[in-house]
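Below is the file input-v1.pdb, which contains PDB, N, CA and C atoms and all ligand atoms.
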```
ATOM      1  N   MET A   1     131.371 122.025 120.822
ATOM      2  CA  MET A   1     131.239 120.570 121.026
ATOM      3  C   MET A   1     129.794 120.111 120.869
ATOM      4  N   LYS A   2     129.654 119.019 120.191
ATOM      5  CA  LYS A   2     128.295 118.501 120.009
ATOM      6  C   LYS A   2     127.958 117.481 121.102
ATOM      7  N   HIS A   3     126.733 117.461 121.419
ATOM      8  CA  HIS A   3     126.307 116.481 122.419
ATOM      9  C   HIS A   3     126.166 115.109 121.779
ATOM     10  N   PRO A   4     126.567 114.104 122.457
ATOM     11  CA  PRO A   4     126.417 112.735 121.910
ATOM     12  C   PRO A   4     124.978 112.273 122.000
ATOM     13  N   ARG A   5     124.227 112.567 120.965
ATOM     14  CA  ARG A   5     122.787 112.255 121.027
ATOM     15  C   ARG A   5     122.485 110.824 120.609
ATOM     16  N   LYS A   6     123.434 110.200 119.967
ATOM     17  CA  LYS A   6     123.191 108.877 119.405
ATOM     18  C   LYS A   6     122.725 107.886 120.484
ATOM     19  N   ALA A   7     123.422 107.884 121.574
ATOM     20  CA  ALA A   7     123.078 106.931 122.634
ATOM     21  C   ALA A   7     121.654 107.177 123.117
ATOM     22  N   LEU A   8     121.303 108.414 123.181
ATOM     23  CA  LEU A   8     119.963 108.773 123.662
ATOM     24  C   LEU A   8     118.900 108.215 122.720
ATOM     25  N   VAL A   9     119.125 108.400 121.436
ATOM     26  CA  VAL A   9     118.156 107.948 120.439
ATOM     27  C   VAL A   9     118.052 106.427 120.446
ATOM     28  N   MET A  10     119.183 105.788 120.538
ATOM     29  CA  MET A  10     119.174 104.332 120.496
ATOM     30  C   MET A  10     118.425 103.726 121.679
ATOM     31  N   GLY A  11     118.552 104.355 122.804
ATOM     32  CA  GLY A  11     117.898 103.804 123.988
ATOM     33  C   GLY A  11     116.420 104.111 124.040
ATOM     34  N   PHE A  12     115.994 104.995 123.218
ATOM     35  CA  PHE A  12     114.623 105.492 123.327
ATOM     36  C   PHE A  12     113.571 104.414 123.062
ATOM     37  N   LYS A  13     113.769 103.650 122.019
ATOM     38  CA  LYS A  13     112.768 102.664 121.641
ATOM     39  C   LYS A  13     112.572 101.621 122.730
ATOM     40  N   ALA A  14     113.672 101.096 123.212
ATOM     41  CA  ALA A  14     113.592 100.069 124.252
ATOM     42  C   ALA A  14     112.894 100.634 125.477
ATOM     43  N   LYS A  15     113.217 101.848 125.783
ATOM     44  CA  LYS A  15     112.635 102.484 126.954
ATOM     45  C   LYS A  15     111.122 102.619 126.793
ATOM     46  N   ALA A  16     110.713 103.073 125.631
ATOM     47  CA  ALA A  16     109.288 103.289 125.382
ATOM     48  C   ALA A  16     108.528 101.973 125.484
ATOM     49  N   ARG A  17     109.103 100.939 124.949
ATOM     50  CA  ARG A  17     108.452  99.641 124.961
ATOM     51  C   ARG A  17     108.299  99.159 126.403
ATOM     52  N   LYS A  18     109.356  99.316 127.135
ATOM     53  CA  LYS A  18     109.340  98.845 128.513
ATOM     54  C   LYS A  18     108.269  99.598 129.293
ATOM     55  N   HIS A  19     108.216 100.860 129.043
ATOM     56  CA  HIS A  19     107.248 101.686 129.758
ATOM     57  C   HIS A  19     105.829 101.176 129.529
ATOM     58  N   ARG A  20     105.559 100.766 128.309
ATOM     59  CA  ARG A  20     104.238 100.273 127.967
ATOM     60  C   ARG A  20     103.834  99.080 128.820
ATOM     61  N   SER A  21     104.702  98.082 128.840
ATOM     62  CA  SER A  21     104.339  96.870 129.562
ATOM     63  C   SER A  21     104.365  97.101 131.069
ATOM     64  N   ASP A  22     105.151  98.060 131.480
ATOM     65  CA  ASP A  22     105.223  98.338 132.911
ATOM     66  C   ASP A  22     103.944  98.995 133.427
ATOM     67  N   SER A  23     103.257  99.684 132.545
ATOM     68  CA  SER A  23     102.088 100.425 132.989
ATOM     69  C   SER A  23     100.929  99.484 133.327
ATOM     70  N   GLY A  24     101.024  98.236 132.907
ATOM     71  CA  GLY A  24     100.030  97.237 133.289
ATOM     72  C   GLY A  24      98.717  97.370 132.559
ATOM     73  N   GLU A  25      98.727  98.001 131.420
ATOM     74  CA  GLU A  25      97.480  98.125 130.673
ATOM     75  C   GLU A  25      97.379  97.001 129.655
ATOM     76  N   ASP A  26      96.634  96.000 129.992
ATOM     77  CA  ASP A  26      96.513  94.851 129.097
ATOM     78  C   ASP A  26      95.337  94.984 128.147
ATOM     79  N   SER A  27      94.520  95.977 128.384
ATOM     80  CA  SER A  27      93.319  96.132 127.574
ATOM     81  C   SER A  27      93.649  96.658 126.181
ATOM     82  N   GLU A  28      94.869  97.068 126.032
ATOM     83  CA  GLU A  28      95.248  97.727 124.783
ATOM     84  C   GLU A  28      94.954  96.861 123.557
ATOM     85  N   SER A  29      95.280  95.593 123.622
ATOM     86  CA  SER A  29      95.170  94.741 122.449
ATOM     87  C   SER A  29      93.719  94.579 122.001
ATOM     88  N   THR A  30      92.796  94.587 122.939
ATOM     89  CA  THR A  30      91.408  94.384 122.555
ATOM     90  C   THR A  30      90.716  95.700 122.222
ATOM     91  N   LYS A  31      91.125  96.743 122.874
ATOM     92  CA  LYS A  31      90.454  98.027 122.703
ATOM     93  C   LYS A  31      90.643  98.592 121.303
ATOM     94  N   LYS A  32      91.894  98.724 120.908
ATOM     95  CA  LYS A  32      92.160  99.313 119.609
ATOM     96  C   LYS A  32      93.366  98.642 118.978
ATOM     97  N   SER A  33      93.237  98.330 117.733
ATOM     98  CA  SER A  33      94.395  97.793 117.038
ATOM     99  C   SER A  33      95.325  98.945 116.722
ATOM    100  N   SER A  34      96.582  98.709 116.857
ATOM    101  CA  SER A  34      97.556  99.798 116.754
ATOM    102  C   SER A  34      97.510 100.474 115.391
ATOM    103  N   SER A  35      97.302  99.683 114.342
ATOM    104  CA  SER A  35      97.249 100.309 113.025
ATOM    105  C   SER A  35      95.911  99.997 112.366
ATOM    106  N   LYS A  36      95.397 100.960 111.686
ATOM    107  CA  LYS A  36      94.125 100.804 111.007
ATOM    108  C   LYS A  36      94.250  99.755 109.907
ATOM    109  N   GLU A  37      93.290  98.890 109.840
ATOM    110  CA  GLU A  37      93.369  97.843 108.837
ATOM    111  C   GLU A  37      92.402  98.103 107.694
ATOM    112  N   GLY A  38      92.902  97.909 106.507
ATOM    113  CA  GLY A  38      92.040  98.076 105.356
ATOM    114  C   GLY A  38      91.762  96.737 104.712
ATOM    115  N   GLU A  39      91.038  96.774 103.633
ATOM    116  CA  GLU A  39      90.710  95.525 102.953
ATOM    117  C   GLU A  39      91.523  95.356 101.675
ATOM    118  N   ILE A  40      91.870  96.480 101.087
ATOM    119  CA  ILE A  40      92.617  96.422  99.833
ATOM    120  C   ILE A  40      94.071  96.756 100.120
ATOM    121  N   SER A  41      94.934  95.815  99.876
ATOM    122  CA  SER A  41      96.336  96.093 100.128
ATOM    123  C   SER A  41      96.943  96.852  98.962
ATOM    124  N   CYS A  42      97.919  97.648  99.292
ATOM    125  CA  CYS A  42      98.578  98.480  98.286
ATOM    126  C   CYS A  42      99.195  97.590  97.212
ATOM    127  N   GLY A  43      99.060  98.020  95.974
ATOM    128  CA  GLY A  43      99.561  97.206  94.867
ATOM    129  C   GLY A  43     101.056  97.311  94.650
ATOM    130  N   ILE A  44     101.700  98.188  95.378
ATOM    131  CA  ILE A  44     103.147  98.324  95.230
ATOM    132  C   ILE A  44     103.827  97.244  96.053
ATOM    133  N   LYS A  45     104.733  96.537  95.412
ATOM    134  CA  LYS A  45     105.228  95.306  96.031
ATOM    135  C   LYS A  45     105.992  95.518  97.328
ATOM    136  N   ASP A  46     106.766  96.559  97.427
ATOM    137  CA  ASP A  46     107.499  96.721  98.680
ATOM    138  C   ASP A  46     106.760  97.643  99.648
ATOM    139  N   CYS A  47     105.466  97.663  99.534
ATOM    140  CA  CYS A  47     104.651  98.478 100.428
ATOM    141  C   CYS A  47     103.619  97.588 101.103
ATOM    142  N   ALA A  48     103.459  97.764 102.390
ATOM    143  CA  ALA A  48     102.540  96.894 103.137
ATOM    144  C   ALA A  48     101.322  97.656 103.637
ATOM    145  N   LYS A  49     101.088  98.812 103.045
ATOM    146  CA  LYS A  49      99.958  99.617 103.511
ATOM    147  C   LYS A  49      98.687  99.249 102.770
ATOM    148  N   PHE A  50      97.631  99.948 103.103
ATOM    149  CA  PHE A  50      96.339  99.638 102.501
ATOM    150  C   PHE A  50      95.889 100.747 101.562
ATOM    151  N   ALA A  51      95.175 100.335 100.536
ATOM    152  CA  ALA A  51      94.778 101.277  99.498
ATOM    153  C   ALA A  51      93.276 101.520  99.502
ATOM    154  N   ASP A  52      92.643 101.289 100.643
ATOM    155  CA  ASP A  52      91.209 101.548 100.708
ATOM    156  C   ASP A  52      90.908 103.019 100.442
ATOM    157  N   LYS A  53      89.768 103.247  99.853
ATOM    158  CA  LYS A  53      89.418 104.622  99.493
ATOM    159  C   LYS A  53      89.317 105.519 100.714
ATOM    160  N   ASP A  54      88.740 104.999 101.779
ATOM    161  CA  ASP A  54      88.578 105.846 102.957
ATOM    162  C   ASP A  54      89.892 106.059 103.680
ATOM    163  N   MET A  55      90.943 105.398 103.219
ATOM    164  CA  MET A  55      92.257 105.639 103.799
ATOM    165  C   MET A  55      93.149 106.418 102.840
ATOM    166  N   GLY A  56      92.530 106.967 101.836
ATOM    167  CA  GLY A  56      93.287 107.803 100.910
ATOM    168  C   GLY A  56      93.883 107.049  99.740
ATOM    169  N   GLY A  57      93.467 105.815  99.575
ATOM    170  CA  GLY A  57      94.016 105.026  98.474
ATOM    171  C   GLY A  57      93.495 105.485  97.127
ATOM    172  N   ARG A  58      94.270 105.213  96.114
ATOM    173  CA  ARG A  58      93.875 105.582  94.759
ATOM    174  C   ARG A  58      94.162 104.414  93.837
ATOM    175  N   SER A  59      93.632 104.507  92.651
ATOM    176  CA  SER A  59      94.025 103.506  91.675
ATOM    177  C   SER A  59      94.661 104.210  90.491
ATOM    178  N   LEU A  60      95.781 103.676  90.087
ATOM    179  CA  LEU A  60      96.504 104.254  88.955
ATOM    180  C   LEU A  60      96.403 103.313  87.777
ATOM    181  N   SER A  61      96.630 103.858  86.617
ATOM    182  CA  SER A  61      96.697 102.975  85.459
ATOM    183  C   SER A  61      98.048 102.268  85.465
ATOM    184  N   ILE A  62      98.126 101.183  84.740
ATOM    185  CA  ILE A  62      99.379 100.425  84.719
ATOM    186  C   ILE A  62     100.514 101.278  84.161
ATOM    187  N   ASP A  63     100.217 102.051  83.148
ATOM    188  CA  ASP A  63     101.239 102.931  82.584
ATOM    189  C   ASP A  63     101.807 103.859  83.638
ATOM    190  N   ASN A  64     100.924 104.397  84.447
ATOM    191  CA  ASN A  64     101.370 105.303  85.495
ATOM    192  C   ASN A  64     102.243 104.589  86.511
ATOM    193  N   ALA A  65     101.850 103.381  86.855
ATOM    194  CA  ALA A  65     102.612 102.618  87.841
ATOM    195  C   ALA A  65     104.001 102.285  87.310
ATOM    196  N   ILE A  66     104.075 101.944  86.049
ATOM    197  CA  ILE A  66     105.373 101.611  85.458
ATOM    198  C   ILE A  66     106.295 102.821  85.493
ATOM    199  N   ASP A  67     105.737 103.986  85.248
ATOM    200  CA  ASP A  67     106.544 105.201  85.255
ATOM    201  C   ASP A  67     107.298 105.358  86.564
ATOM    202  N   THR A  68     106.641 105.039  87.653
ATOM    203  CA  THR A  68     107.244 105.298  88.949
ATOM    204  C   THR A  68     107.931 104.072  89.539
ATOM    205  N   TRP A  69     107.338 102.927  89.409
ATOM    206  CA  TRP A  69     107.889 101.745  90.082
ATOM    207  C   TRP A  69     108.491 100.718  89.119
ATOM    208  N   GLY A  70     108.335 100.961  87.842
ATOM    209  CA  GLY A  70     108.891 100.033  86.876
ATOM    210  C   GLY A  70     108.025  98.793  86.738
ATOM    211  N   SER A  71     108.207  98.081  85.644
ATOM    212  CA  SER A  71     107.410  96.870  85.469
ATOM    213  C   SER A  71     107.882  95.831  86.473
ATOM    214  N   GLY A  72     106.968  95.253  87.187
ATOM    215  CA  GLY A  72     107.344  94.260  88.184
ATOM    216  C   GLY A  72     107.387  94.840  89.596
ATOM    217  N   GLY A  73     107.303  96.132  89.703
ATOM    218  CA  GLY A  73     107.335  96.750  91.025
ATOM    219  C   GLY A  73     105.959  96.899  91.640
ATOM    220  N   TYR A  74     104.971  96.464  90.907
ATOM    221  CA  TYR A  74     103.592  96.642  91.362
ATOM    222  C   TYR A  74     102.767  95.405  91.023
ATOM    223  N   GLU A  75     101.577  95.376  91.544
ATOM    224  CA  GLU A  75     100.667  94.302  91.191
ATOM    225  C   GLU A  75      99.386  94.919  90.650
ATOM    226  N   ALA A  76      99.012  94.522  89.478
ATOM    227  CA  ALA A  76      97.833  95.108  88.868
ATOM    228  C   ALA A  76      96.608  94.250  89.120
ATOM    229  N   ARG A  77      95.491  94.927  89.200
ATOM    230  CA  ARG A  77      94.232  94.210  89.376
ATOM    231  C   ARG A  77      93.237  94.774  88.379
ATOM    232  N   LYS A  78      92.825  93.967  87.470
ATOM    233  CA  LYS A  78      91.868  94.399  86.450
ATOM    234  C   LYS A  78      92.337  95.645  85.705
ATOM    235  N   GLY A  79      93.586  95.656  85.383
ATOM    236  CA  GLY A  79      94.101  96.765  84.595
ATOM    237  C   GLY A  79      94.396  98.022  85.377
ATOM    238  N   ARG A  80      94.179  97.978  86.678
ATOM    239  CA  ARG A  80      94.483  99.138  87.508
ATOM    240  C   ARG A  80      95.433  98.719  88.617
ATOM    241  N   VAL A  81      96.126  99.674  89.146
ATOM    242  CA  VAL A  81      97.005  99.409  90.267
ATOM    243  C   VAL A  81      96.515 100.203  91.464
ATOM    244  N   ARG A  82      96.112  99.492  92.474
ATOM    245  CA  ARG A  82      95.632 100.187  93.675
ATOM    246  C   ARG A  82      96.842 100.583  94.503
ATOM    247  N   VAL A  83      96.880 101.826  94.888
ATOM    248  CA  VAL A  83      98.011 102.287  95.689
ATOM    249  C   VAL A  83      97.504 102.995  96.943
ATOM    250  N   CYS A  84      98.303 102.929  97.971
ATOM    251  CA  CYS A  84      97.942 103.595  99.217
ATOM    252  C   CYS A  84      98.241 105.087  99.101
ATOM    253  N   LYS A  85      97.889 105.783 100.129
ATOM    254  CA  LYS A  85      98.028 107.233 100.105
ATOM    255  C   LYS A  85      99.480 107.673  99.864
ATOM    256  N   SER A  86     100.387 107.055 100.575
ATOM    257  CA  SER A  86     101.775 107.512 100.456
ATOM    258  C   SER A  86     102.370 107.124  99.109
ATOM    259  N   CYS A  87     101.952 105.985  98.576
ATOM    260  CA  CYS A  87     102.446 105.614  97.253
ATOM    261  C   CYS A  87     101.874 106.554  96.199
ATOM    262  N   TYR A  88     100.639 106.944  96.395
ATOM    263  CA  TYR A  88     100.042 107.881  95.452
ATOM    264  C   TYR A  88     100.777 109.211  95.492
ATOM    265  N   ARG A  89     101.130 109.607  96.703
ATOM    266  CA  ARG A  89     101.897 110.842  96.845
ATOM    267  C   ARG A  89     103.216 110.751  96.110
ATOM    268  N   LYS A  90     103.842 109.600  96.263
ATOM    269  CA  LYS A  90     105.129 109.396  95.614
ATOM    270  C   LYS A  90     104.959 109.481  94.107
ATOM    271  N   TRP A  91     103.926 108.832  93.641
ATOM    272  CA  TRP A  91     103.676 108.856  92.202
ATOM    273  C   TRP A  91     103.428 110.281  91.731
ATOM    274  N   LYS A  92     102.679 111.003  92.524
ATOM    275  CA  LYS A  92     102.336 112.363  92.139
ATOM    276  C   LYS A  92     103.572 113.251  92.067
ATOM    277  N   LYS A  93     104.461 113.027  93.010
ATOM    278  CA  LYS A  93     105.717 113.769  93.009
ATOM    279  C   LYS A  93     106.494 113.494  91.735
ATOM    280  N   ASP A  94     106.481 112.217  91.342
ATOM    281  CA  ASP A  94     107.205 111.821  90.143
ATOM    282  C   ASP A  94     106.556 112.347  88.878
ATOM    283  N   ASN A  95     105.294 112.644  88.979
ATOM    284  CA  ASN A  95     104.557 113.045  87.784
ATOM    285  C   ASN A  95     103.937 114.422  87.933
ATOM    286  N   LYS A  96     104.781 115.349  88.255
ATOM    287  CA  LYS A  96     104.272 116.712  88.398
ATOM    288  C   LYS A  96     103.862 117.235  87.040
ATOM    289  N   SER A  97     102.584 117.403  86.908
ATOM    290  CA  SER A  97     102.086 117.889  85.627
ATOM    291  C   SER A  97     101.193 119.098  85.866
ATOM    292  N   ASP A  98     100.201 119.221  85.046
ATOM    293  CA  ASP A  98      99.312 120.359  85.223
ATOM    294  C   ASP A  98      98.286 120.119  86.341
ATOM    295  N   ASP A  99      98.282 118.919  86.837
ATOM    296  CA  ASP A  99      97.342 118.569  87.897
ATOM    297  C   ASP A  99      97.870 119.042  89.251
ATOM    298  N   MET A 100      97.488 120.244  89.610
ATOM    299  CA  MET A 100      98.024 120.813  90.850
ATOM    300  C   MET A 100      96.904 121.163  91.819
ATOM    301  N   TYR A 101      97.281 121.121  93.054
ATOM    302  CA  TYR A 101      96.322 121.499  94.085
ATOM    303  C   TYR A 101      96.345 123.003  94.300
TER     304      TYR A 101
HETATM  305 ZN    ZN B   1     101.711 101.809  99.161
END
```

Whole structure, structure tokens version:
Amino acid sequence: MKHPRKALVMGFKAKARKHRSDSGEDSESTKKSSSKEGEISCGIKDCAKFADKDMGGRSLSIDNAIDTWGSGGYEARKGRVRVCKSCYRKWKKDNKSDDMY
């Protein structure tokens, strides 16, 4: 017999949130922003991450972007497409070539 884990998982988020506000720590909002903010947003349209260099962002050529996201799936800037770290990873997966780590 399997344990009914679904209920446990579903309740987890609400519980965690409640715990936060219950702890009475209001300094959180000023001390640290929950997510690191960059200046360059990822050029992939359905991605809301940042493509700053210090956050692992890369720039791809338009041809490369089309290969993975299709025309219209990205936003180009000056002939390049800035992508965040995870989008770059995705692209790299799609384009396994001789460029290996
Ligand atoms: Zn991205």

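One distance worth recording is that between atom N of A:Val81 and atom C of A:Glu37, which is 19.0 Å.
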
* Please write as number ranges by chain the full residue list that the PyMOL selection byres (((not hetatm)) within 8 of (chain B and resi 1)) yields on this file. => A: 41-51, 82-88

* To do: Would you work out the distance separating atom CA of A:Trp91 from atom CA of A:Leu60, expressed in Å to one decimal?
  =>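 If I compute the distance from atom CA of A:Trp91 to atom CA of A:Leu60, I get 9.1 Å.
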
* To do: Excluding A:Ser61 and any residue of its chain fewer than 4 positions from it, enumerate the residues within 9 Å of it, using only C-alpha atoms, and give them as a VMD selection string.
  => chain A and resid 65 to 66 76 79 to 82

* Rounded to one decimal place, report the atom C of A:Gly56-atom CA of A:Arg89 distance in Å. =>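 It comes out at 9.3 Å.
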
* Which is closest to A:Lys96 among A:Thr68, A:Ser59, A:Lys36, A:Arg77, if we use only C-alpha atoms? -> A:Thr68
